[in-house]
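Enquirer: Following this line is entry-v4.tsv, made up of TSV, C-alpha atoms and all ligand atoms:
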chain	number	residue	atom	x	y	z
A	1	MET	CA	0.00	0.00	0.00
A	2	HIS	CA	1.18	3.53	-0.66
A	3	SER	CA	2.07	5.01	2.68
A	4	ASP	CA	1.38	8.56	1.59
A	5	ARG	CA	-0.92	8.41	-1.40
A	6	VAL	CA	-1.08	11.75	-3.17
A	7	ASP	CA	-4.48	13.05	-3.98
A	8	ALA	CA	-3.16	16.36	-5.28
A	9	VAL	CA	-1.35	14.85	-8.25
A	10	TYR	CA	-2.33	16.73	-11.35
A	11	VAL	CA	-1.68	15.16	-14.76
A	12	ARG	CA	-1.63	17.19	-17.95
A	13	GLU	CA	-0.11	17.10	-21.42
A	14	LEU	CA	3.53	18.02	-21.71
A	15	ARG	CA	4.07	21.59	-22.92
A	16	ILE	CA	7.04	23.18	-24.62
A	17	ASP	CA	8.20	24.71	-21.30
A	18	ASP	CA	8.33	21.24	-19.77
A	19	ILE	CA	10.90	19.91	-22.24
A	20	ALA	CA	13.98	21.14	-20.33
A	21	PRO	CA	12.76	20.17	-16.81
A	22	VAL	CA	11.65	16.73	-18.05
A	23	TYR	CA	14.99	16.20	-19.75
A	24	HIS	CA	16.85	17.20	-16.56
A	25	LEU	CA	14.72	14.96	-14.38
A	26	GLY	CA	15.51	12.08	-16.75
A	27	GLU	CA	19.22	12.90	-16.48
A	28	GLN	CA	18.91	12.55	-12.74
A	29	LEU	CA	17.06	9.22	-13.00
A	30	PHE	CA	18.67	7.40	-15.91
A	31	THR	CA	22.25	7.36	-14.66
A	32	SER	CA	25.14	5.57	-16.32
A	33	GLU	CA	26.01	3.64	-13.15
A	34	LEU	CA	22.51	2.33	-12.58
A	35	TYR	CA	21.07	1.89	-16.04
A	36	PRO	CA	23.72	2.28	-18.78
A	37	TYR	CA	21.36	1.56	-21.64
A	38	LEU	CA	18.74	4.06	-20.50
A	39	TYR	CA	21.51	6.60	-19.92
A	40	ARG	CA	22.95	6.13	-23.41
A	41	THR	CA	19.65	6.62	-25.17
A	42	TRP	CA	18.24	9.46	-23.07
A	43	ASP	CA	18.77	12.92	-24.48
A	44	GLU	CA	16.77	16.08	-25.08
A	45	TRP	CA	15.83	14.84	-28.57
A	46	GLU	CA	13.87	12.00	-27.02
A	47	VAL	CA	11.66	14.55	-25.32
A	48	ILE	CA	11.51	16.97	-28.25
A	49	GLY	CA	10.90	14.19	-30.77
A	50	LEU	CA	8.07	12.53	-28.85
A	51	TYR	CA	6.54	15.88	-28.00
A	52	ASN	CA	6.36	16.51	-31.75
A	53	THR	CA	5.21	13.10	-32.91
A	54	ASP	CA	3.11	11.85	-29.96
A	55	PRO	CA	1.89	14.80	-27.87
A	56	ASP	CA	-1.19	12.82	-26.76
A	57	TYR	CA	0.97	10.28	-24.95
A	58	CYS	CA	3.45	12.70	-23.41
A	59	LEU	CA	2.15	13.61	-19.98
A	60	VAL	CA	3.54	15.25	-16.89
A	61	ALA	CA	2.43	14.99	-13.28
A	62	GLU	CA	2.57	17.95	-10.96
A	63	ILE	CA	2.28	18.18	-7.20
A	64	ASP	CA	1.90	21.67	-5.79
A	65	GLU	CA	2.95	23.03	-9.18
A	66	GLU	CA	6.22	21.12	-9.02
A	67	LEU	CA	7.20	18.57	-11.67
A	68	ALA	CA	6.60	15.20	-10.02
A	69	GLY	CA	7.01	12.89	-12.99
A	70	PHE	CA	6.55	12.26	-16.69
A	71	ILE	CA	5.56	9.58	-19.15
A	72	LEU	CA	6.48	9.53	-22.84
A	73	GLY	CA	4.81	6.98	-25.05
A	74	THR	CA	3.78	6.17	-28.57
A	75	ILE	CA	1.42	3.96	-30.51
A	76	ILE	CA	2.49	1.35	-33.03
A	77	THR	CA	0.10	-0.20	-35.51
A	78	LYS	CA	1.23	-3.46	-36.98
A	79	GLU	CA	-1.10	-5.42	-39.24
A	80	SER	CA	-4.36	-5.52	-37.32
A	81	TRP	CA	-2.76	-4.87	-33.91
A	82	THR	CA	-2.35	-1.56	-32.19
A	83	TYR	CA	0.24	-1.43	-29.43
A	84	GLY	CA	0.74	1.24	-26.84
A	85	TYR	CA	4.40	1.58	-26.03
A	86	ILE	CA	5.69	3.28	-22.88
A	87	LEU	CA	9.09	4.59	-23.84
A	88	TRP	CA	10.02	6.62	-20.78
A	89	LEU	CA	8.62	6.95	-17.31
A	90	GLY	CA	10.23	8.88	-14.50
A	91	VAL	CA	9.22	10.15	-11.10
A	92	ASN	CA	11.08	12.77	-9.09
A	93	PRO	CA	12.72	10.86	-6.16
A	94	LYS	CA	11.02	13.29	-3.79
A	95	PHE	CA	7.63	12.02	-4.92
A	96	GLN	CA	8.31	8.33	-5.45
A	97	ARG	CA	6.16	5.61	-3.86
A	98	ARG	CA	3.20	7.92	-3.72
A	99	GLY	CA	1.29	6.68	-6.75
A	100	VAL	CA	2.58	9.21	-9.29
A	101	ALA	CA	3.74	6.62	-11.84
A	102	ASP	CA	0.53	4.70	-11.24
A	103	THR	CA	-1.54	7.73	-12.20
A	104	LEU	CA	0.64	8.61	-15.20
A	105	VAL	CA	0.49	5.09	-16.61
A	106	ASP	CA	-3.28	4.86	-16.09
A	107	LYS	CA	-3.86	8.15	-17.93
A	108	ALA	CA	-1.54	7.25	-20.80
A	109	ILE	CA	-3.10	3.79	-21.22
A	110	ALA	CA	-6.61	5.27	-21.15
A	111	ARG	CA	-5.63	7.55	-24.04
A	112	MET	CA	-4.02	4.68	-25.93
A	113	ILE	CA	-7.15	2.53	-25.49
A	114	GLU	CA	-9.21	5.41	-26.85
A	115	ASP	CA	-6.93	5.37	-29.90
A	116	GLY	CA	-7.33	1.64	-30.46
A	117	ALA	CA	-4.54	0.06	-28.38
A	118	ARG	CA	-5.31	-3.46	-27.23
A	119	PHE	CA	-1.81	-4.42	-26.18
A	120	MET	CA	0.90	-2.65	-24.17
A	121	LEU	CA	4.67	-2.82	-24.40
A	122	VAL	CA	7.38	-1.51	-22.13
A	123	ASP	CA	11.05	-2.29	-21.72
A	124	THR	CA	13.66	-1.51	-19.13
A	125	ASP	CA	16.97	-2.64	-17.73
A	126	PRO	CA	16.60	-6.03	-15.99
A	127	ALA	CA	18.52	-4.60	-13.02
A	128	ASN	CA	15.92	-1.87	-12.63
A	129	VAL	CA	14.06	-3.59	-9.80
A	130	PRO	CA	11.72	-0.66	-8.94
A	131	ALA	CA	10.57	-0.44	-12.56
A	132	VAL	CA	10.21	-4.21	-13.01
A	133	LYS	CA	8.21	-4.43	-9.78
A	134	PHE	CA	6.15	-1.43	-10.71
A	135	PHE	CA	5.24	-2.81	-14.13
A	136	ASN	CA	4.59	-6.30	-12.78
A	137	ARG	CA	2.21	-4.87	-10.26
A	138	LYS	CA	0.51	-2.90	-13.02
A	139	GLY	CA	-0.18	-6.15	-14.85
A	140	PHE	CA	2.74	-6.29	-17.30
A	141	GLY	CA	4.25	-9.74	-17.60
A	142	ASN	CA	5.58	-12.15	-20.17
A	143	ILE	CA	9.15	-10.91	-19.69
A	144	ARG	CA	11.52	-11.63	-22.55
A	145	GLN	CA	15.20	-10.92	-22.13
A	146	HIS	CA	16.73	-8.88	-24.92
A	147	ILE	CA	20.49	-8.60	-25.21
A	148	PHE	CA	22.50	-5.56	-26.22
A	149	LEU	CA	25.93	-6.00	-27.75
A	150	SER	CA	28.56	-3.33	-28.15
A	151	MET	CA	31.89	-2.90	-29.92
A	152	ASN	CA	34.71	-0.38	-29.67
A	153	LEU	CA	35.22	0.44	-33.37
A	154	SER	CA	38.72	1.83	-32.81
A	155	LYS	CA	39.90	-1.54	-31.57
A	156	HIS	CA	38.40	-3.53	-34.44
A	157	GLU	CA	40.82	-4.68	-37.14
A	158	HIS	CA	38.78	-3.49	-40.12
A	159	TYR	CA	36.74	-0.61	-38.67
A	160	GLY	CA	39.80	0.65	-36.81
A	161	ARG	CA	41.53	1.07	-40.18
A	162	LEU	CA	38.53	2.97	-41.51
A	163	ILE	CA	38.73	5.30	-38.51
A	164	ASP	CA	42.45	5.89	-39.17
A	165	TYR	CA	41.67	6.59	-42.81
A	166	GLU	CA	38.95	9.09	-41.84
A	167	ARG	CA	41.29	10.79	-39.39
A	168	GLN	CA	44.02	11.16	-42.02
A	169	LYS	CA	41.45	12.49	-44.49
A	170	ALA	CA	40.29	15.05	-41.94
A	171	GLU	CA	43.87	16.06	-41.19
A	172	ARG	CA	44.64	16.52	-44.88
A	173	ALA	CA	41.48	18.57	-45.38
A	174	GLY	CA	42.34	20.67	-42.33
A	175	TYR	CA	45.83	21.25	-43.64
A	176	ARG	CA	44.51	22.31	-47.06
A	177	ARG	CA	41.97	24.64	-45.55
A	178	MET	CA	44.42	26.18	-43.13
A	179	ARG	CA	47.22	26.83	-45.61
A	180	PRO	CA	45.89	30.00	-47.28
A	181	THR	CA	45.46	31.72	-43.94
A	182	VAL	CA	49.17	31.35	-43.05
A	183	ARG	CA	50.51	34.50	-44.57
A	184	PRO	CA	53.11	37.01	-43.41
A	185	ARG	CA	51.68	40.36	-42.43
A	186	LYS	CA	52.38	42.79	-45.22
A	187	THR	CA	52.55	45.77	-42.89
A	188	ASP	CA	55.64	44.82	-40.94
A	189	GLY	CA	57.12	42.38	-43.39
A	190	VAL	CA	57.56	39.83	-40.63
A	191	VAL	CA	55.65	36.67	-40.16
A	192	GLY	CA	53.23	37.70	-37.51
A	193	GLU	CA	51.37	35.45	-35.12
A	194	VAL	CA	48.58	33.93	-37.07
A	195	ALA	CA	45.88	32.50	-34.91
A	196	LEU	CA	45.05	29.26	-36.57
A	197	THR	CA	41.74	27.88	-35.60
A	198	PRO	CA	41.73	24.33	-36.90
A	199	LEU	CA	38.64	23.69	-38.92
A	200	VAL	CA	38.76	20.05	-38.12
A	201	THR	CA	38.84	19.14	-34.50
A	202	GLU	CA	41.15	16.41	-33.40
A	203	PRO	CA	39.32	13.09	-33.53
A	204	GLN	CA	39.11	10.83	-30.51
A	205	THR	CA	42.21	8.85	-29.70
A	206	THR	CA	42.27	5.15	-30.37
A	207	GLU	CA	42.89	4.55	-26.69
A	208	GLU	CA	39.54	5.99	-25.71
A	209	GLN	CA	37.70	4.39	-22.88
A	210	THR	CA	34.75	2.19	-23.47
A	211	PRO	CA	31.80	4.54	-23.45
A	212	VAL	CA	29.08	3.94	-20.95
B	301	LIG	C1	9.79	3.07	-11.46
B	301	LIG	C2	9.20	4.42	-11.04
B	301	LIG	C3	8.72	5.16	-12.28
B	301	LIG	C4	8.04	4.18	-10.07
B	301	LIG	O1	7.45	5.44	-9.76
B	301	LIG	P1	6.58	5.69	-8.43
B	301	LIG	O2	5.76	6.91	-8.64
B	301	LIG	O3	7.49	5.70	-7.27
B	301	LIG	O4	5.67	4.40	-8.40
B	301	LIG	P2	4.27	4.23	-7.63
B	301	LIG	O5	4.31	5.00	-6.35
B	301	LIG	O6	3.16	4.52	-8.55
B	301	LIG	O7	4.37	2.66	-7.29
B	301	LIG	C5	3.35	1.76	-7.48
B	301	LIG	C6	3.83	0.38	-7.05
B	301	LIG	O8	4.96	-0.03	-7.84
B	301	LIG	C7	5.88	-0.79	-6.99
B	301	LIG	N1	7.13	-0.01	-6.80
B	301	LIG	C8	7.37	1.26	-7.17
B	301	LIG	N2	8.61	1.62	-6.81
B	301	LIG	C9	9.17	0.55	-6.21
B	301	LIG	C10	10.44	0.32	-5.59
B	301	LIG	N3	11.39	1.27	-5.54
B	301	LIG	N4	10.69	-0.89	-5.08
B	301	LIG	C11	9.75	-1.86	-5.11
B	301	LIG	N5	8.50	-1.70	-5.65
B	301	LIG	C12	8.22	-0.50	-6.19
B	301	LIG	C13	5.18	-0.95	-5.67
B	301	LIG	O9	4.40	-2.12	-5.75
B	301	LIG	C14	4.30	0.30	-5.62
B	301	LIG	O10	3.22	0.17	-4.75
B	301	LIG	P3	3.40	0.47	-3.16
B	301	LIG	O11	4.12	1.76	-3.04
B	301	LIG	O12	1.99	0.51	-2.68
B	301	LIG	O13	4.19	-0.68	-2.62
B	301	LIG	C15	10.27	5.28	-10.27
B	301	LIG	O14	10.91	4.47	-9.30
B	301	LIG	C16	11.33	5.90	-11.16
B	301	LIG	O15	11.16	7.01	-11.65
B	301	LIG	N6	12.45	5.19	-11.37
B	301	LIG	C17	13.58	5.72	-12.15
B	301	LIG	C18	13.24	5.82	-13.61
B	301	LIG	C19	12.89	4.48	-14.23
B	301	LIG	O16	13.52	3.49	-13.92
B	301	LIG	N7	11.86	4.47	-15.11
B	301	LIG	C20	11.37	3.27	-15.73
B	301	LIG	C21	12.09	2.91	-16.97
B	301	LIG	S1	11.93	4.04	-18.29
Take the structure in the file and give it back as structure tokens.
Ligand SMILES: CC(C)(COP(=O)(O)OP(=O)(O)OC[C@H]1O[C@@H](n2cnc3c(N)ncnc32)[C@H](O)[C@@H]1OP(=O)(O)O)[C@@H](O)C(=O)NCCC(=O)NCCS
Expert:
Amino acid sequence: MHSDRVDAVYVRELRIDDIAPVYHLGEQLFTSELYPYLYRTWDEWEVIGLYNTDPDYCLVAEIDEELAGFILGTIITKESWTYGYILWLGVNPKFQRRGVADTLVDKAIARMIEDGARFMLVDTDPANVPAVKFFNRKGFGNIRQHIFLSMNLSKHEHYGRLIDYERQKAERAGYRRMRPTVRPRKTDGVVGEVALTPLVTEPQTTEEQTPV
């Protein structure tokens, strides 16, 4: 049972002014240490993109005019099936375990049902116990594990060579573009200090760390 169930939770559609606060709340929740995959895929374009394509399924919850949580979803129609898909759900730690996510999910699903959804999908990191428990309790089941694979391209025999080739190409282009700007100053007849701003920034080193 919720120990402190919030009656004053107000759910409304996400507005343009909510994009930055929602993005920042997500940054706080989807951390690289806890959920690397969520962290990697969360950026402001997730919020902006879904706000543009699926405004009906992008909702925010407020408590005392403070952002308490958000849900971002979409609808997928495949053959004769319409699926509601919850892409992102987040609740401000200050307001967790008070039924905010419960309310957000109920409102989003109601809208999806109205638009023909008869099936729901959601995915999350298997280590995300709060989310797995939350969705189980909501009635989501039939868990299927999905694996993510990664590769450091710089360390790969073939792709590593392509990266070297691209780097050399960029260096050559930079050199060509910079050359005409290296000219002695006519006024004093001496080669003056020419501030060279490289047009091509130095690419990442091959010894880069594995990204999170
Ligand atoms: C998962 C999350 C959205 C739940 O939000 P919430 O508003 O705290 O959830 P609710 O209060 O509506 O919880 C409803 C029920 O879900 C379960 N639950 C929620 N959080 C839980 C937790 N930390 N541990 C165990 N069960 C939990 C409980 O059964 C809870 O009912 P109860 O409080 O009566 O026991 C929230 O923890 C969160 O934002 N997590 C970080 C972001 C994230 O992982 N999002 C999901 C993937 S995109």
Enquirer: Each residue of chain A with at least one atom at most 7 Å from ligand LIG 301 (chain B) should appear once, together with its nearest atom pair and the corresponding distance in Å (one decimal); atoms considered: all atoms listed in the file; ordering: chain, then increasing residue number; output as a tab-separated table.
Expert:
residue	atom	partner	partner_atom	distance
A:Met1	CA	B:LIG301	O12	3.4
A:His2	CA	B:LIG301	O12	3.7
A:Ser3	CA	B:LIG301	O11	6.9
A:Leu29	CA	B:LIG301	C17	5.0
A:Phe30	CA	B:LIG301	C18	6.1
A:Leu87	CA	B:LIG301	S1	6.3
A:Trp88	CA	B:LIG301	S1	4.1
A:Leu89	CA	B:LIG301	S1	4.5
A:Gly90	CA	B:LIG301	O15	3.5
A:Val91	CA	B:LIG301	O15	3.7
A:Asn92	CA	B:LIG301	O15	6.3
A:Pro93	CA	B:LIG301	O15	6.9
A:Phe95	CA	B:LIG301	O2	6.6
A:Gln96	CA	B:LIG301	O3	3.3
A:Arg97	CA	B:LIG301	O5	3.2
A:Arg98	CA	B:LIG301	O5	4.1
A:Gly99	CA	B:LIG301	O6	3.4
A:Val100	CA	B:LIG301	O2	4.0
A:Ala101	CA	B:LIG301	O2	3.8
A:Asp102	CA	B:LIG301	O6	3.8
A:Thr103	CA	B:LIG301	O6	6.8
A:Thr124	CA	B:LIG301	C21	5.2
A:Asn128	CA	B:LIG301	O16	6.0
A:Val129	CA	B:LIG301	N4	6.4
A:Pro130	CA	B:LIG301	C10	3.7
A:Ala131	CA	B:LIG301	C1	3.8
A:Lys133	CA	B:LIG301	N5	5.0
A:Phe134	CA	B:LIG301	O8	3.4
A:Phe135	CA	B:LIG301	O8	6.9
A:Arg137	CA	B:LIG301	O9	5.7
Enquirer: Near Ile19 in chain A, counting only C-alpha atoms, which residues have an atom at most 7 Å away, once you skip same-chain residues fewer than 4 positions from it, shown as a list in words?
Expert: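 Close residues of Ile19 in chain A: Tyr23, Val47 and Ile48 of chain A.
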Enquirer: Output the selection as a PDB file, keeping the file's coordinate frame - C-alpha atoms for each residue.
Expert:
ATOM      1  CA  TYR A  23      14.990  16.200 -19.750  1.00  0.00           C
ATOM      2  CA  VAL A  47      11.660  14.550 -25.320  1.00  0.00           C
ATOM      3  CA  ILE A  48      11.510  16.970 -28.250  1.00  0.00           C
TER       4      ILE A  48
END
Enquirer: Pick out the residues sitting within 12 Å of Ala20 in chain A, and hand them over as a list of chain:residue names; count only C-alpha atoms, and ignore anything fewer than 5 positions along from it in its own chain.
Expert: A:Leu14, A:Arg15, A:Leu25, A:Gly26, A:Glu27, A:Asp43, A:Glu44, A:Trp45, A:Glu46, A:Val47, A:Ile48, A:Tyr51, A:Leu67
Enquirer: Once you have the residues from the selection above, write them out as a short mmCIF file (atom, residue, chain, number, x, y, z; two decimals), in the frame of the given file, restricted to C-alpha atoms.
Expert:
data_model
loop_
_atom_site.label_atom_id
_atom_site.label_comp_id
_atom_site.auth_asym_id
_atom_site.auth_seq_id
_atom_site.Cartn_x
_atom_site.Cartn_y
_atom_site.Cartn_z
CA LEU A 14 3.53 18.02 -21.71
CA ARG A 15 4.07 21.59 -22.92
CA LEU A 25 14.72 14.96 -14.38
CA GLY A 26 15.51 12.08 -16.75
CA GLU A 27 19.22 12.90 -16.48
CA ASP A 43 18.77 12.92 -24.48
CA GLU A 44 16.77 16.08 -25.08
CA TRP A 45 15.83 14.84 -28.57
CA GLU A 46 13.87 12.00 -27.02
CA VAL A 47 11.66 14.55 -25.32
CA ILE A 48 11.51 16.97 -28.25
CA TYR A 51 6.54 15.88 -28.00
CA LEU A 67 7.20 18.57 -11.67
#
Enquirer: Quick one: residues within 12 Å of Ala110 in chain A, only C-alpha atoms, excluding same-chain residues fewer than 4 positions away - as a PyMOL selection string?
Expert: chain A and resi 56-57+84+103-106+114-120
Enquirer: Quote the spacing between CA of His158 in chain A and CA of Ala173 in chain A in Å to one decimal place.
Expert: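 These two atoms are separated by 22.8 Å.
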Enquirer: Quick one: pull the distance between CA of Leu72 in chain A and CA of Ile16 in chain A, Å, one decimal.
Expert: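 Spanning CA of Leu72 in chain A to CA of Ile16 in chain A is a straight-line distance of 13.8 Å.
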Enquirer: Would you mind telling me which residue in A:Tyr175, A:Tyr10, A:Tyr165, A:Tyr159 lies nearest to Leu59 in chain A when using only C-alpha atoms?
Expert: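 Among A:Tyr175, A:Tyr10, A:Tyr165, A:Tyr159, it is A:Tyr10 that comes nearest to Leu59 in chain A.
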Enquirer: Hey, which of A:Asp18, A:Asp64, A:Asp125, A:Glu13 ends up closest to Ile147 in chain A? Count all atoms listed in the file.
Expert: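 Of A:Asp18, A:Asp64, A:Asp125, A:Glu13, the one nearest Ile147 in chain A is A:Asp125, counting all atoms listed in the file.
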Enquirer: Please compute the CA of Tyr83 in chain A-CA of Val9 in chain A distance, one decimal, in Å.
Expert: 26.8 Å
Enquirer: Take the point (5.9, 2.0, -32.6) as written in the file and pick out every residue within 12 Å of it, counting all atoms listed in the file; give the list as a PyMOL selection string.
Expert: chain A and resi 50+53-54+73-78+81-87+117+119-122
Enquirer: Output the selection as a compact mmCIF listing (two decimals), in the coordinates of the input - C-alpha atoms for each residue.
Expert:
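Written output follows (again35.txt):
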# COMPACT_ATOMS: atom_id res chain seq x y z
CA LEU A 50 8.07 12.53 -28.85
CA THR A 53 5.21 13.10 -32.91
CA ASP A 54 3.11 11.85 -29.96
CA GLY A 73 4.81 6.98 -25.05
CA THR A 74 3.78 6.17 -28.57
CA ILE A 75 1.42 3.96 -30.51
CA ILE A 76 2.49 1.35 -33.03
CA THR A 77 0.10 -0.20 -35.51
CA LYS A 78 1.23 -3.46 -36.98
CA TRP A 81 -2.76 -4.87 -33.91
CA THR A 82 -2.35 -1.56 -32.19
CA TYR A 83 0.24 -1.43 -29.43
CA GLY A 84 0.74 1.24 -26.84
CA TYR A 85 4.40 1.58 -26.03
CA ILE A 86 5.69 3.28 -22.88
CA LEU A 87 9.09 4.59 -23.84
CA ALA A 117 -4.54 0.06 -28.38
CA PHE A 119 -1.81 -4.42 -26.18
CA MET A 120 0.90 -2.65 -24.17
CA LEU A 121 4.67 -2.82 -24.40
CA VAL A 122 7.38 -1.51 -22.13
Enquirer: Measuring atom to atom with only C-alpha atoms, identify which of A:Lys138, A:Lys107, A:Arg177, A:His146 is nearest to Cys58 in chain A.
Expert: A:Lys107
Enquirer: Around all the atoms of range 171-174 of chain A listed in the file, with 3 Å of room on each side, what axis-aligned box do you get, giving centre and edge lengths in Å to one decimal, as AutoDock Vina command-line options?
Expert:
--center_x 43.1 --center_y 18.4 --center_z -43.3 --size_x 9.2 --size_y 10.6 --size_z 10.2
Enquirer: Nearest to Gly141 in chain A: which of A:Leu153, A:Asp123, A:Ser32, A:Ile109 is it, counting only C-alpha atoms?
Expert: A:Asp123
